[in-house]
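Shown here: data34.cif, mmCIF, C-alpha atoms.
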data_work
#
loop_
_atom_site.group_PDB
_atom_site.id
_atom_site.type_symbol
_atom_site.label_atom_id
_atom_site.label_comp_id
_atom_site.auth_asym_id
_atom_site.auth_seq_id
_atom_site.Cartn_x
_atom_site.Cartn_y
_atom_site.Cartn_z
ATOM 1 C CA GLY A 253 1.264 21.650 -3.424
ATOM 2 C CA PRO A 254 0.367 18.391 -1.612
ATOM 3 C CA ASN A 255 0.301 20.014 1.840
ATOM 4 C CA GLU A 256 -1.935 22.823 0.667
ATOM 5 C CA VAL A 257 -4.365 20.315 -0.894
ATOM 6 C CA GLY A 258 -4.572 18.624 2.534
ATOM 7 C CA TYR A 259 -5.331 21.941 4.240
ATOM 8 C CA ILE A 260 -8.051 22.792 1.739
ATOM 9 C CA GLY A 261 -9.624 19.387 2.291
ATOM 10 C CA GLN A 262 -9.988 20.269 5.980
ATOM 11 C CA LEU A 263 -12.013 23.369 5.051
ATOM 12 C CA LYS A 264 -14.890 21.449 3.404
ATOM 13 C CA GLU A 265 -17.141 21.692 6.474
ATOM 14 C CA LEU A 266 -16.374 25.388 6.874
ATOM 15 C CA TYR A 267 -17.486 26.094 3.310
ATOM 16 C CA GLY A 268 -20.664 24.077 3.981
ATOM 17 C CA ALA A 269 -21.370 25.989 7.211
ATOM 18 C CA TYR A 270 -21.461 29.238 5.224
ATOM 19 C CA GLY A 271 -23.466 27.721 2.374
ATOM 20 C CA VAL A 272 -20.653 28.289 -0.101
ATOM 21 C CA SER A 273 -19.661 25.658 -2.638
ATOM 22 C CA MET A 274 -16.140 24.465 -2.158
ATOM 23 C CA PRO A 275 -13.947 25.321 -5.147
ATOM 24 C CA ALA A 276 -12.318 22.594 -7.224
ATOM 25 C CA VAL A 277 -8.894 21.692 -5.926
ATOM 26 C CA VAL A 278 -6.247 21.096 -8.555
ATOM 27 C CA PRO A 279 -2.658 20.463 -7.518
ATOM 28 C CA ARG A 280 -0.153 22.846 -9.061
ATOM 29 C CA ILE A 281 2.478 21.646 -11.480
ATOM 30 C CA SER A 282 5.602 20.351 -9.785
ATOM 31 C CA ALA A 283 8.727 20.245 -11.931
ATOM 32 C CA THR A 284 12.488 20.212 -11.749
ATOM 33 C CA LEU A 285 14.332 22.299 -14.319
ATOM 34 C CA VAL A 286 17.565 20.769 -15.561
ATOM 35 C CA GLU A 287 19.907 23.309 -17.113
ATOM 36 C CA HIS A 288 21.968 22.279 -20.136
ATOM 37 C CA ARG A 289 25.287 22.267 -18.229
ATOM 38 C CA VAL A 290 23.846 19.841 -15.682
ATOM 39 C CA ALA A 291 22.005 17.855 -18.346
ATOM 40 C CA ARG A 292 25.376 16.987 -19.921
ATOM 41 C CA VAL A 293 26.296 15.042 -16.766
ATOM 42 C CA ALA A 294 23.011 13.119 -16.886
ATOM 43 C CA GLU A 295 23.484 12.409 -20.604
ATOM 44 C CA ARG A 296 27.012 11.116 -19.993
ATOM 45 C CA TYR A 297 25.613 8.405 -17.715
ATOM 46 C CA ASP A 298 22.297 8.002 -19.598
ATOM 47 C CA TRP A 299 20.191 9.073 -16.608
ATOM 48 C CA HIS A 300 16.580 10.157 -17.003
ATOM 49 C CA GLY A 301 13.680 11.267 -14.792
ATOM 50 C CA ALA A 302 13.676 9.394 -11.490
ATOM 51 C CA ASP A 303 17.412 8.593 -11.769
ATOM 52 C CA LEU A 304 18.152 12.245 -10.991
ATOM 53 C CA PHE A 305 16.606 12.000 -7.519
ATOM 54 C CA MET A 306 18.507 8.922 -6.269
ATOM 55 C CA GLY A 307 21.153 10.869 -4.340
ATOM 56 C CA ALA A 308 24.915 11.146 -4.819
ATOM 57 C CA ARG A 309 25.946 7.742 -3.391
ATOM 58 C CA ALA A 310 23.381 5.788 -5.391
ATOM 59 C CA LEU A 311 24.279 7.700 -8.558
ATOM 60 C CA GLU A 312 27.996 7.038 -8.016
ATOM 61 C CA GLN A 313 27.274 3.325 -7.716
ATOM 62 C CA LYS A 314 25.019 3.423 -10.753
ATOM 63 C CA ALA A 315 27.722 5.231 -12.718
ATOM 64 C CA GLY A 316 30.149 2.438 -11.887
ATOM 65 C CA THR A 317 32.926 4.841 -11.026
ATOM 66 C CA ARG A 318 34.900 2.171 -9.181
ATOM 67 C CA ALA A 319 38.128 0.639 -10.567
ATOM 68 C CA ASN A 320 37.403 -1.629 -13.512
ATOM 69 C CA ARG A 321 38.566 -4.978 -12.179
ATOM 70 C CA ASP A 322 37.616 -6.767 -15.407
ATOM 71 C CA LEU A 323 39.992 -4.566 -17.402
ATOM 72 C CA LEU A 324 42.818 -5.166 -14.921
ATOM 73 C CA ARG A 325 42.184 -8.927 -15.090
ATOM 74 C CA GLU A 326 42.271 -8.733 -18.891
ATOM 75 C CA VAL A 327 45.696 -7.040 -18.835
ATOM 76 C CA GLY A 328 46.894 -9.655 -16.324
ATOM 77 C CA GLY A 329 45.640 -12.353 -18.708
ATOM 78 C CA ILE A 330 47.694 -10.869 -21.547
ATOM 79 C CA GLN A 331 50.766 -11.043 -19.323
ATOM 80 C CA ARG A 332 50.139 -14.716 -18.472
ATOM 81 C CA ASP A 333 49.466 -15.552 -22.135
ATOM 82 C CA VAL A 334 52.692 -13.931 -23.341
ATOM 83 C CA GLU A 335 54.751 -15.670 -20.634
ATOM 84 C CA GLY A 336 53.075 -18.995 -21.468
ATOM 85 C CA HIS A 337 53.746 -18.623 -25.207
ATOM 86 C CA LEU A 338 57.390 -17.704 -24.610
ATOM 87 C CA ARG A 339 57.852 -20.720 -22.280
ATOM 88 C CA ALA A 340 56.247 -22.943 -24.909
ATOM 89 C CA LEU A 341 58.836 -21.730 -27.442
ATOM 90 C CA GLU A 342 61.817 -22.550 -25.192
ATOM 91 C CA PRO A 343 62.398 -26.152 -26.462
ATOM 92 C CA GLU A 344 62.324 -25.017 -30.097
ATOM 93 C CA VAL A 345 64.447 -21.921 -29.432
ATOM 94 C CA SER A 346 67.028 -23.881 -27.412
ATOM 95 C CA ARG A 347 67.678 -26.096 -30.449
ATOM 96 C CA ILE A 348 68.695 -22.997 -32.387
ATOM 97 C CA GLU A 349 70.803 -21.477 -29.606
ATOM 98 C CA ARG A 350 70.767 -22.083 -25.848
ATOM 99 C CA GLY A 351 71.233 -18.346 -25.105
ATOM 100 C CA LEU A 352 67.913 -17.563 -26.783
ATOM 101 C CA VAL A 353 66.063 -19.199 -23.858
ATOM 102 C CA ASP A 354 67.504 -16.594 -21.470
ATOM 103 C CA ALA A 355 66.718 -13.839 -23.965
ATOM 104 C CA GLY A 356 63.106 -15.079 -24.113
ATOM 105 C CA ARG A 357 62.854 -15.082 -20.313
ATOM 106 C CA LYS A 358 64.295 -11.549 -20.137
ATOM 107 C CA THR A 359 61.775 -10.472 -22.767
ATOM 108 C CA ALA A 360 58.961 -12.018 -20.695
ATOM 109 C CA GLY A 361 60.222 -10.090 -17.638
ATOM 110 C CA LYS A 362 60.271 -6.808 -19.569
ATOM 111 C CA ILE A 363 56.758 -7.411 -20.887
ATOM 112 C CA ARG A 364 55.543 -8.267 -17.357
ATOM 113 C CA ARG A 365 57.027 -5.021 -15.952
ATOM 114 C CA GLU A 366 55.503 -2.964 -18.783
ATOM 115 C CA LEU A 367 52.081 -4.551 -18.348
ATOM 116 C CA GLU A 368 52.238 -4.055 -14.561
ATOM 117 C CA ALA A 369 53.101 -0.373 -15.172
ATOM 118 C CA PHE A 370 50.141 -0.209 -17.575
ATOM 119 C CA GLN A 371 47.855 -1.664 -14.882
ATOM 120 C CA ARG A 372 49.086 0.986 -12.419
ATOM 121 C CA ARG A 373 48.325 3.708 -14.971
ATOM 122 C CA ILE A 374 44.806 2.278 -15.419
ATOM 123 C CA VAL A 375 44.229 2.375 -11.647
ATOM 124 C CA THR A 376 45.585 5.952 -11.402
ATOM 125 C CA ALA A 377 43.470 7.154 -14.324
ATOM 126 C CA GLN A 378 40.395 5.450 -12.877
ATOM 127 C CA ARG A 379 40.942 7.165 -9.508
ATOM 128 C CA GLN A 380 41.250 10.546 -11.209
ATOM 129 C CA GLY A 381 38.140 9.762 -13.246
ATOM 130 C CA ASP A 382 36.312 8.795 -10.059
ATOM 131 C CA GLU A 383 37.151 12.171 -8.510
ATOM 132 C CA VAL A 384 35.951 14.055 -11.603
ATOM 133 C CA GLY A 385 32.859 11.849 -11.808
ATOM 134 C CA ARG A 386 32.066 12.400 -8.124
ATOM 135 C CA ALA A 387 32.410 16.169 -8.557
ATOM 136 C CA GLN A 388 30.081 16.111 -11.565
ATOM 137 C CA ILE A 389 27.549 13.944 -9.755
ATOM 138 C CA GLU A 390 27.643 16.278 -6.732
ATOM 139 C CA LYS A 391 27.042 19.211 -9.077
ATOM 140 C CA LEU A 392 24.037 17.443 -10.598
ATOM 141 C CA VAL A 393 22.599 16.442 -7.205
ATOM 142 C CA ASN A 394 23.064 19.952 -5.774
ATOM 143 C CA HIS A 395 21.284 21.415 -8.776
ATOM 144 C CA VAL A 396 18.417 18.922 -8.998
ATOM 145 C CA THR A 397 17.827 18.545 -5.252
ATOM 146 C CA PRO A 398 19.368 21.596 -3.568
ATOM 147 C CA GLU A 399 19.703 21.177 0.184
ATOM 148 C CA GLY A 400 18.193 17.709 -0.285
ATOM 149 C CA GLY A 401 14.784 18.995 -1.404
ATOM 150 C CA LEU A 402 12.962 20.064 -4.515
ATOM 151 C CA GLN A 403 14.224 23.100 -6.432
ATOM 152 C CA GLU A 404 10.955 24.951 -5.902
ATOM 153 C CA ARG A 405 11.655 24.999 -2.154
ATOM 154 C CA VAL A 406 15.076 26.633 -2.638
ATOM 155 C CA TYR A 407 15.245 28.510 -5.952
ATOM 156 C CA SER A 408 12.766 31.216 -6.815
ATOM 157 C CA PRO A 409 11.463 31.577 -10.384
ATOM 158 C CA ALA A 410 13.516 34.793 -10.574
ATOM 159 C CA TYR A 411 16.685 32.670 -10.556
ATOM 160 C CA TYR A 412 15.642 30.937 -13.782
ATOM 161 C CA PHE A 413 14.114 34.029 -15.379
ATOM 162 C CA SER A 414 17.398 35.882 -14.836
ATOM 163 C CA MET A 415 19.214 33.150 -16.769
ATOM 164 C CA PHE A 416 16.708 32.406 -19.531
ATOM 165 C CA GLY A 417 14.464 35.465 -19.683
ATOM 166 C CA LEU A 418 10.702 35.736 -19.255
ATOM 167 C CA SER A 419 10.125 33.572 -22.335
ATOM 168 C CA LEU A 420 10.969 30.609 -20.086
ATOM 169 C CA ALA A 421 7.411 30.805 -18.710
ATOM 170 C CA GLU A 422 5.969 30.205 -22.186
ATOM 171 C CA VAL A 423 8.389 27.343 -22.811
ATOM 172 C CA LEU A 424 7.383 25.645 -19.561
ATOM 173 C CA ILE A 425 3.659 26.152 -20.203
ATOM 174 C CA GLU A 426 4.085 24.442 -23.573
ATOM 175 C CA SER A 427 6.311 21.603 -22.382
ATOM 176 C CA LEU A 428 4.852 20.621 -18.996
ATOM 177 C CA ASP A 429 1.627 18.656 -18.652
ATOM 178 C CA PRO A 430 -0.744 20.715 -16.463
ATOM 179 C CA PHE A 431 -2.822 17.630 -15.679
ATOM 180 C CA ALA A 432 0.037 15.400 -14.554
ATOM 181 C CA PHE A 433 0.009 14.818 -10.807
ATOM 182 C CA ALA A 434 3.513 13.345 -10.864
ATOM 183 C CA HIS A 435 6.615 15.484 -10.526
ATOM 184 C CA GLN A 436 7.963 16.379 -13.967
ATOM 185 C CA VAL A 437 11.439 17.113 -15.316
ATOM 186 C CA ALA A 438 12.058 19.861 -17.881
ATOM 187 C CA TRP A 439 15.374 19.619 -19.727
ATOM 188 C CA LEU A 440 16.488 23.093 -20.782
ATOM 189 C CA ASP A 441 18.984 23.794 -23.526
ATOM 190 C CA GLY A 442 21.290 26.813 -23.390
ATOM 191 C CA SER A 443 18.574 29.186 -24.596
ATOM 192 C CA GLY A 444 15.961 28.033 -22.079
ATOM 193 C CA ALA A 445 13.992 25.958 -24.566
ATOM 194 C CA THR A 446 13.178 22.393 -23.560
ATOM 195 C CA ALA A 447 15.415 19.798 -25.120
#
Could I get this file's structure written as structure tokens?
Amino acid sequence: GPNEVGYIGQLKELYGAYGVSMPAVVPRISATLVEHRVARVAERYDWHGADLFMGARALEQKAGTRANRDLLREVGGIQRDVEGHLRALEPEVSRIERGLVDAGRKTAGKIRRELEAFQRRIVTAQRQGDEVGRAQIEKLVNHVTPEGGLQERVYSPAYYFSMFGLSLAEVLIESLDPFAFAHQVAWLDGSGATA
């Protein structure tokens, strides 16, 4: 890892003092394994690579899990439009029968109450969705960066081998770039193959 490379660099003079050539230093592969159940959360929000490491709060904001004010405004606009159209009809309707004006106003009131109830249902559903979304995002963050760090600092390879079998090693050798110095992400499907 990066720290080990730093330590080895400090040993250059020691190798020289003993007349031994210093070996080539190649950083090991660093990768995060994303299991299929966690990958579904990332796919839902169309997150890739670096997105996964932003942290729960940033991911919640990116997911836009707050109440959709535009939708609520749109429903409010429908209400205003209907009331405006019914008011515009009043002169024509009153020529037919004066009582129809009151009926139109009562209809506008009923529509307003129904649309207000619809707006409340939108807000309630959005809050419930926010809670589910937050739980899913927490699950993803805890998996990708357990205890706030890289998986390799918390989970041993045995954890993944117990889930996917020893063939996982071959899959990772084939899918990860051994010469990439950047941290990589391996997306695993249910069988342990990379997706």
- Item | region 369-372 of chain A environment, 12 Å, all atoms listed in the file, sequence neighbours closer than 6 positions dropped, as a ChimeraX atom specification | /A:319-331,362-363,378-379
So which residues get picked by the PyMOL selection byres ((chain A and resi 424) around 12) here, written as a CSV table (one decimal) with C-alpha atoms, in the coordinates of the input?
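Saved as out-v4.csv:
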chain,number,residue,atom,x,y,z
A,281,ILE,CA,2.5,21.6,-11.5
A,282,SER,CA,5.6,20.4,-9.8
A,283,ALA,CA,8.7,20.2,-11.9
A,284,THR,CA,12.5,20.2,-11.7
A,285,LEU,CA,14.3,22.3,-14.3
A,286,VAL,CA,17.6,20.8,-15.6
A,409,PRO,CA,11.5,31.6,-10.4
A,412,TYR,CA,15.6,30.9,-13.8
A,413,PHE,CA,14.1,34.0,-15.4
A,416,PHE,CA,16.7,32.4,-19.5
A,418,LEU,CA,10.7,35.7,-19.3
A,419,SER,CA,10.1,33.6,-22.3
A,420,LEU,CA,11.0,30.6,-20.1
A,421,ALA,CA,7.4,30.8,-18.7
A,422,GLU,CA,6.0,30.2,-22.2
A,423,VAL,CA,8.4,27.3,-22.8
A,425,ILE,CA,3.7,26.2,-20.2
A,426,GLU,CA,4.1,24.4,-23.6
A,427,SER,CA,6.3,21.6,-22.4
A,428,LEU,CA,4.9,20.6,-19.0
A,429,ASP,CA,1.6,18.7,-18.7
A,430,PRO,CA,-0.7,20.7,-16.5
A,436,GLN,CA,8.0,16.4,-14.0
A,437,VAL,CA,11.4,17.1,-15.3
A,438,ALA,CA,12.1,19.9,-17.9
A,439,TRP,CA,15.4,19.6,-19.7
A,440,LEU,CA,16.5,23.1,-20.8
A,444,GLY,CA,16.0,28.0,-22.1
A,445,ALA,CA,14.0,26.0,-24.6
A,446,THR,CA,13.2,22.4,-23.6
A,447,ALA,CA,15.4,19.8,-25.1
- Near Leu304 (chain A), within 9 Å and counting only C-alpha atoms, which residues show up once chain neighbours fewer than 4 positions away are dropped, as a PyMOL selection string? chain A and resi 294+299-300+311+392-393+396-397
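We find CA of Asp382 (chain A) and CA of Glu366 (chain A) to be spaced 24.1 Å apart.
Between CA of Ala432 (chain A) and CA of Pro279 (chain A) lies a distance of 9.1 Å.
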- Neighbour list for Lys391 (chain A) as JSON, numbers by chain, cut-off 12 Å, all atoms listed in the file, skip fewer than 3 positions in-chain: {"A": [286, 287, 289, 290, 291, 292, 293, 294, 304, 307, 308, 311, 384, 385, 386, 387, 388, 394, 395, 396, 397, 398, 399]}
Let me have the centre and edge lengths of the axis-aligned box enclosing all listed atoms of region 270-281 of chain A with 6 Å padding on every side, in Å to one decimal, as AutoDock Vina command-line options.
--center_x -10.5 --center_y 24.9 --center_z -3.1 --size_x 37.9 --size_y 20.8 --size_z 28.7
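Atom pair CA of Gly258 (chain A) / CA of Val278 (chain A): separated by 11.5 Å.
Proximity of A:Val277, A:Leu352, A:Val272, A:Leu402 to Tyr259 (chain A), computed with all atoms listed in the file, is greatest for A:Val277.
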Near-Gly361 (chain A) list (10 Å; all atoms listed in the file; drop same-chain fewer than 6 positions) as a tab-separated table (two decimals) with C-alpha atoms, in the frame of the given file:
chain	number	residue	atom	x	y	z
A	331	GLN	CA	50.77	-11.04	-19.32
A	335	GLU	CA	54.75	-15.67	-20.63
A	355	ALA	CA	66.72	-13.84	-23.96
A	367	LEU	CA	52.08	-4.55	-18.35
Determine the residue membership of the PyMOL selection byres ((chain A and resi 276) around 12) for the file above and supply it as a short mmCIF file (atom, residue, chain, number, x, y, z; two decimals) with C-alpha atoms, in the coordinates of the input.
data_model
loop_
_atom_site.label_atom_id
_atom_site.label_comp_id
_atom_site.auth_asym_id
_atom_site.auth_seq_id
_atom_site.Cartn_x
_atom_site.Cartn_y
_atom_site.Cartn_z
CA VAL A 257 -4.36 20.32 -0.89
CA ILE A 260 -8.05 22.79 1.74
CA GLY A 261 -9.62 19.39 2.29
CA LYS A 264 -14.89 21.45 3.40
CA SER A 273 -19.66 25.66 -2.64
CA MET A 274 -16.14 24.46 -2.16
CA PRO A 275 -13.95 25.32 -5.15
CA VAL A 277 -8.89 21.69 -5.93
CA VAL A 278 -6.25 21.10 -8.56
CA PRO A 279 -2.66 20.46 -7.52
#
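The smallest atom-to-atom distance between Thr359 (chain A) and any of A:Arg309, A:Glu256, A:Leu338, A:Tyr297, using all atoms listed in the file, is found for A:Leu338.
With all atoms listed in the file as the basis for measurement, A:Gly356 is the residue among A:Arg280, A:Gly356, A:Ala434, A:Glu265 that approaches Glu344 (chain A) most closely.
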